[in-house]
Amino acid sequence: MHANGASKDHPPLLQTLPGDDVRQIMWRFAERFDCQMVVQSARAVARGPVARAVAKGARNSHEWTEEKAALLQEFDASGITAASIDPEYGGYIEGPKNFVLGLLAFELAWVDAGAGTSSMANTLALAPIHERGTPEQKQKYMAASIPPQPGESRTIWRGAFALTESIPYVGVDTGVLSGRVRVAEWKDGEEPILHVDKRGRFITNMGAANFVTAAVDSGDPRIKGSCMIILEETDSGTWDRGIPTKKLAHQLSSTRDPVFSLQVPANRIIGGYTVKDGVIVPNYSHADVIEAVFTRTRATPAIMTSAKLLSAIEPVIRYHRRRFRGAVGITEGTPRFDMGLQQKEDALHRLLDVWAAGEAGASLGFETARLLDTYDAIEKAKAEALAAQGIAGGRAELKALRAREADAAEYVVLSHKTAPTAAESARLATLEADPVVKFMVTESLSSVLIPSAKLWNTGHGVNMMREAVSMMGGYGITEDCPGFLGTKWIDGQLEATYEGPEVVQRRQLSVTMSRPIFLQQFQQWIKRLRSIAQDHPTLGLGTLAAAMELWFWSREYLSKAKDAHGRDLYSNQRHGVTYPLADALAWLVATYHLVQDVIELKAKGPAHPALAEGIDGLVGFYSDLTHIHCATSAGEATRICAELVFGYRAESDAAKAGDPEAFQDVAAFIALRTKVDGSLAGSKLAKDRAAESLSHVMIPEVLDYPV
Amino acid sequence: MSTGYHVVVLGSLVPDLLQTLEPVQGPTGPGLKNEMMLPAVLDPWAGHALFEAAHVAAAHPGSKVWLVSLGPKAKLQQLMMSIAQKVPFELVAVDGSASGFHDAFDVAEALAAAIERIPALDRSRLLLFGGCASASRDAGATVQMVGERLGITDQFLSADELTVTADGVLTVLERVEGGQYLASKVSGPPCAIAWATGSLPEPPNNPQVGMANMRGIMPALQKASSVQVGAQGGTTFMSLELPKQERKTRIVKDVPLDEMAREIAEWIKA
Ligand SMILES: Cc1cc2nc3c(=O)[nH]c(=O)nc-3n(C[C@H](O)[C@H](O)[C@H](O)COP(=O)(O)OP(=O)(O)OC[C@H]3O[C@@H](n4cnc5c(N)ncnc54)[C@H](O)[C@@H]3O)c2cc1C
């Protein structure tokens, strides 16, 4: 054997588990020291006080205990709380914060996602104000949410976001609001006083909150439509935090069903209001506000679930490797001693699947967060450009955007050209400088990436977390399991549920995935994969590209085809068609972004002095892991598409009897499917190679957080 | 003293102690398996010295802290992402190996040279701090050797406490045999103190401190001079022997402290 573990039988192996250097390259923050520091800071809190609280059983209570509240103070002291707030209000990180919040969530969820949620909930409460609040509202609530500095005597404010209501009102359907706002008192020339009634359900942070951003509808002819409004603990009336939710997950965060019946001044309406003909007209409806909020906040929980999958690798390897050590007759140097359960191929292969899912989710989640970091400026530039043309939102804006769809699609094509002509470059530069086009392209992409990440990372992530748990045997479902894998599994189900359950993401994707600009983007991705496949022959790019082509074909086909009864297949209410197709897309999108990150690692890793020693093994392993995931993902997408393409034909269809003539309309599908199948050559060999790495990789002696 | 101290702390990185540290013979001499790829932490004794330095500096306005580190540049940069958040300091980086298999002599030479190059350093106000030991190379001699090279003859080893009276007299408690302390007084700087554990906890992270430190740290890393120490610097390792070590990690939960202490005592006696 060579020093890097290579022998003539197998290529260099992965030497150590990927550390910060690797992550910084893959997730593109090698140059962002602010982010790197936040990671270290959050990690120290997660693997210190948070892990100790979990190990001591802090999760075993539904109440908001002192022990849990103390964690918020840890977040304050370590810069976690202030990380989401702009410097002008006392924060310390410049610019958009989606990515940095993703990193924070990653570090906290590595140990306990409930802790991650506690820190995230405050950001969620502030999000309506951040996105749509008036300057005064921003100043007041952002500044109050900054931990007091030395010498200040104030106490910090914490918030909660209250959209969901008691059954039968708001849940997945955010339109059925029962919360009401009425005019209580309106003296001439003075700020109207409003009365707000809101009963929340499952409201996070409610044990600690001093203010709430609540969604309400008008219950008064003198107020037009719905809005979001800020309630404070000291407002006159009822501020009842309500009963704690008896959660099975995320017990380190507080969740309650609060009841509010409060008088507040009208200037608490988020984004302000105007008065028209004696009627208060909020500048933003609750739907406007929550759309802006959820656009920015859904990548974070998606990243949490992926963090947990990646956190499971080390404990599972350690458990497997040491499983038989200490037994009579199993002596050092024997395979059973050295490798334990890692002698078994299944143990290695299944863990690789967990690892690949975690990587792909993280790649997608962080790419989404990075894209969102560009969003605010692009959206603002678009609004200004349209305003200059006299267009200020609403239908006029939709119409104006529709008129630019062809330009946006052209931009997508041109921006993917590797060798554009001079004319194409000039045209690209013109389109690039056009804020409306830029916005349309970014928006079409983000409205696929966000729901894909939220849907796939959490949904598939929970399934894979279950796999991780099962690999620890009985230990997996005990409180003593190293890495808290059992709790991470059930916690994942909450990440799949809050901030819009899977159905909400599928519903959004079913619309956004069929928009022409995205479809153009998708085709460019396929082209890119094909063009780089030769340079990266071991990544399985051909498989992914073939599966993407098959998905693309299937979507086109389904959008025109009818079922055996003559009904359209691709329509709003046909969840049986559109939702699985959305699932298939999310698999592919996640895998595509894993590919991008691994290519980045291949490009930048060798120049990194700390990685040079083991770079061949590192890159080789990640290439194999990507190959494995391309194969799995292609398999999933293909299976789903095949079911959709064939499943709506009549049971008497000749195709069922194997009549080759009957396949004519789907011959292209069959050819594509054969292409996918054929492209799988080598994918299992990649798994064998990666398994070899997994059984040799060096891991720390003990986990760096308590159990 | 109105102008404060110039505290220079010697400290570098060691591999994270939770990792498997396996000695191997590399092409340029002995080292640890995968040493560059293992996560690194600040040498714990150097950490104590740094936190004590920050404490002294905070108590004496006009003081300044430098951290002089000899280590691989890329690894130092990574280390700074956590250390820079703890206390304010200016980094002086020297790019070279921080392996445990070096001789304190080479290292002291490189460190002393780096200190001599610090332009703003007032040697009459210098407190030279470092660890009395290292987690990876426990020669326990580096601080003394650097002190000698800088002409500092008031040296205190294994210190746990430094107090300063109003007239500027420094009192140092040094660990001596039998759990006793030797209290020494020195009229003022310059002096060298190799710290044992000191008495300060590790400060919490504060990214705001970190961001302020980073403004100086990145340029310091960029202009780090490079040195060759140990085998690379010409030291020949005739033979190498690992101290016999027995490491038995056992994870326990809910065991009272007394019970743990009793078990450890029995294990030592056995
Ligand atoms: C621990 C916890 C913390 C939370 N924190 C907050 C918070 O801080 N603030 C807040 O406002 N909310 C919060 N929520 C609420 C959360 O966002 C909602 O639970 C979620 O949106 C789903 O609403 P619901 O539970 O009423 O489910 P329902 O609306 O009853 O939906 C149940 C299921 O029915 C199906 N379904 C529903 N509608 C459709 C449809 N149109 N088409 C197809 N299928 C459908 C889906 O499978 C769906 O998952 C939290 C929830 C929990 C559990």
# chains A, B, ... in the order shown; residues from 1 in each chain; ligands from 1

$ interface_residues --of "chain B" --to "chain A" --cutoff "10 Å" --atoms "only C-alpha atoms" --output "VMD selection string"
chain B and resid 16 to 21 24 to 26 33 to 39 72 to 75 77 to 86 204 to 208 210 to 211 214 218 249 to 254

$ residues_near_ligand --ligand "ligand 1" --cutoff "6 Å" --atoms "only C-alpha atoms and all ligand atoms" --output "list in words"
Phe161, Ala162, Leu163, Thr164, Gly171, Val172, Asp173, Phe202, Ile203, Thr204, Thr255, Thr497, Tyr498, Glu499, Gly500, Pro501 and Val503 of chain A

$ select_by_dssp --residues "region 10-253 of chain B" --states "helix (DSSP H, G or I)" --output "NGL selection string"
:B and (35-37 or 44-59 or 73-83 or 104-116 or 123-125 or 142-149 or 177-179 or 207-222 or 230-233)

$ residues_around --residues "Thr165 (chain B)" --least-positions-apart "6" --cutoff "12 Å" --atoms "only C-alpha atoms" --output "list in words"
Met1, Ala59, His60, Thr171, Val172, Lys185, Val186, Ser187 and Gly188 of chain B

$ closest_residue --among "B:Arg137, B:His102, B:Lys269, B:Arg149" --to "Ala231 (chain B)" --atoms "only C-alpha atoms"
B:His102

$ residues_around --residues "region 108-120 of chain A" --least-positions-apart "5" --cutoff "6 Å" --atoms "only C-alpha atoms" --output "number ranges by chain"
A: 46, 250-253, 304, 307-308, 311

$ write_last_selection --atoms "N, CA, C and O atoms" --output "PDB file, in the first residue's frame"
ATOM      1  N   ALA A  46     -23.382  24.516  19.155  1.00  0.00           N
ATOM      2  CA  ALA A  46     -24.114  23.279  18.863  1.00  0.00           C
ATOM      3  C   ALA A  46     -23.487  22.088  19.576  1.00  0.00           C
ATOM      4  O   ALA A  46     -24.180  21.316  20.238  1.00  0.00           O
ATOM      5  N   HIS A 250     -38.296  18.301  17.559  1.00  0.00           N
ATOM      6  CA  HIS A 250     -37.797  19.662  17.819  1.00  0.00           C
ATOM      7  C   HIS A 250     -38.186  20.169  19.206  1.00  0.00           C
ATOM      8  O   HIS A 250     -38.599  21.315  19.349  1.00  0.00           O
ATOM      9  N   GLN A 251     -38.019  19.335  20.211  1.00  0.00           N
ATOM     10  CA  GLN A 251     -38.483  19.774  21.538  1.00  0.00           C
ATOM     11  C   GLN A 251     -37.639  20.890  22.142  1.00  0.00           C
ATOM     12  O   GLN A 251     -38.032  21.468  23.139  1.00  0.00           O
ATOM     13  N   LEU A 252     -36.495  21.181  21.569  1.00  0.00           N
ATOM     14  CA  LEU A 252     -35.725  22.298  22.132  1.00  0.00           C
ATOM     15  C   LEU A 252     -36.314  23.652  21.732  1.00  0.00           C
ATOM     16  O   LEU A 252     -35.936  24.679  22.271  1.00  0.00           O
ATOM     17  N   SER A 253     -37.209  23.647  20.749  1.00  0.00           N
ATOM     18  CA  SER A 253     -37.858  24.912  20.411  1.00  0.00           C
ATOM     19  C   SER A 253     -39.222  24.950  21.094  1.00  0.00           C
ATOM     20  O   SER A 253     -39.772  23.922  21.462  1.00  0.00           O
ATOM     21  N   MET A 304     -31.227  21.930   6.955  1.00  0.00           N
ATOM     22  CA  MET A 304     -31.151  21.234   8.252  1.00  0.00           C
ATOM     23  C   MET A 304     -31.196  19.718   8.079  1.00  0.00           C
ATOM     24  O   MET A 304     -30.426  18.992   8.688  1.00  0.00           O
ATOM     25  N   ALA A 307     -28.009  18.370   6.767  1.00  0.00           N
ATOM     26  CA  ALA A 307     -26.943  18.401   7.778  1.00  0.00           C
ATOM     27  C   ALA A 307     -27.009  17.144   8.635  1.00  0.00           C
ATOM     28  O   ALA A 307     -25.985  16.541   8.976  1.00  0.00           O
ATOM     29  N   LYS A 308     -28.219  16.741   8.953  1.00  0.00           N
ATOM     30  CA  LYS A 308     -28.365  15.589   9.835  1.00  0.00           C
ATOM     31  C   LYS A 308     -27.895  14.306   9.163  1.00  0.00           C
ATOM     32  O   LYS A 308     -27.280  13.452   9.802  1.00  0.00           O
ATOM     33  N   SER A 311     -24.276  14.354   9.307  1.00  0.00           N
ATOM     34  CA  SER A 311     -23.789  14.164  10.684  1.00  0.00           C
ATOM     35  C   SER A 311     -23.840  12.696  11.095  1.00  0.00           C
ATOM     36  O   SER A 311     -23.232  12.306  12.079  1.00  0.00           O
TER      37      SER A 311
END

$ closest_residue --among "B:Leu127, B:Ala110, B:Leu13, B:Val209" --to "Ser226 (chain B)" --atoms "only C-alpha atoms"
B:Ala110

$ residues_around --residues "Ala400 (chain A)" --least-positions-apart "6" --cutoff "10 Å" --atoms "only C-alpha atoms" --output "MDAnalysis selection string"
chainID A and resid 386 389 391 393 436

$ decode --residues "region 27-39 of chain A" --atoms "N, CA and C atoms" --output "CSV table (one decimal), in the first residue's frame"
chain,number,residue,atom,x,y,z
A,27,TRP,N,-19.1,24.6,-1.2
A,27,TRP,CA,-20.2,25.5,-1.0
A,27,TRP,C,-19.8,26.9,-1.2
A,28,ARG,N,-18.7,27.1,-1.8
A,28,ARG,CA,-18.2,28.4,-2.3
A,28,ARG,C,-18.1,29.5,-1.3
A,29,PHE,N,-17.6,29.2,-0.1
A,29,PHE,CA,-17.4,30.3,0.8
A,29,PHE,C,-15.9,30.4,1.3
A,30,ALA,N,-15.0,29.9,0.5
A,30,ALA,CA,-13.6,29.9,0.9
A,30,ALA,C,-13.1,31.4,1.1
A,31,GLU,N,-13.8,32.3,0.4
A,31,GLU,CA,-13.3,33.7,0.5
A,31,GLU,C,-14.1,34.5,1.5
A,32,ARG,N,-15.2,33.9,2.1
A,32,ARG,CA,-16.0,34.6,3.0
A,32,ARG,C,-15.7,34.3,4.5
A,33,PHE,N,-14.9,35.2,5.0
A,33,PHE,CA,-14.4,34.9,6.4
A,33,PHE,C,-15.5,35.1,7.4
A,34,ASP,N,-16.4,36.0,7.0
A,34,ASP,CA,-17.6,36.3,8.0
A,34,ASP,C,-18.3,34.9,8.1
A,35,CYS,N,-18.6,34.3,7.0
A,35,CYS,CA,-19.3,33.0,7.1
A,35,CYS,C,-18.5,31.9,7.8
A,36,GLN,N,-17.2,31.9,7.5
A,36,GLN,CA,-16.4,30.9,8.2
A,36,GLN,C,-16.4,31.0,9.7
A,37,MET,N,-16.4,32.3,10.1
A,37,MET,CA,-16.4,32.5,11.6
A,37,MET,C,-17.8,32.2,12.2
A,38,VAL,N,-18.8,32.5,11.5
A,38,VAL,CA,-20.1,32.1,12.0
A,38,VAL,C,-20.2,30.6,12.1
A,39,VAL,N,-19.7,29.9,11.2
A,39,VAL,CA,-19.7,28.4,11.3
A,39,VAL,C,-19.0,28.0,12.5
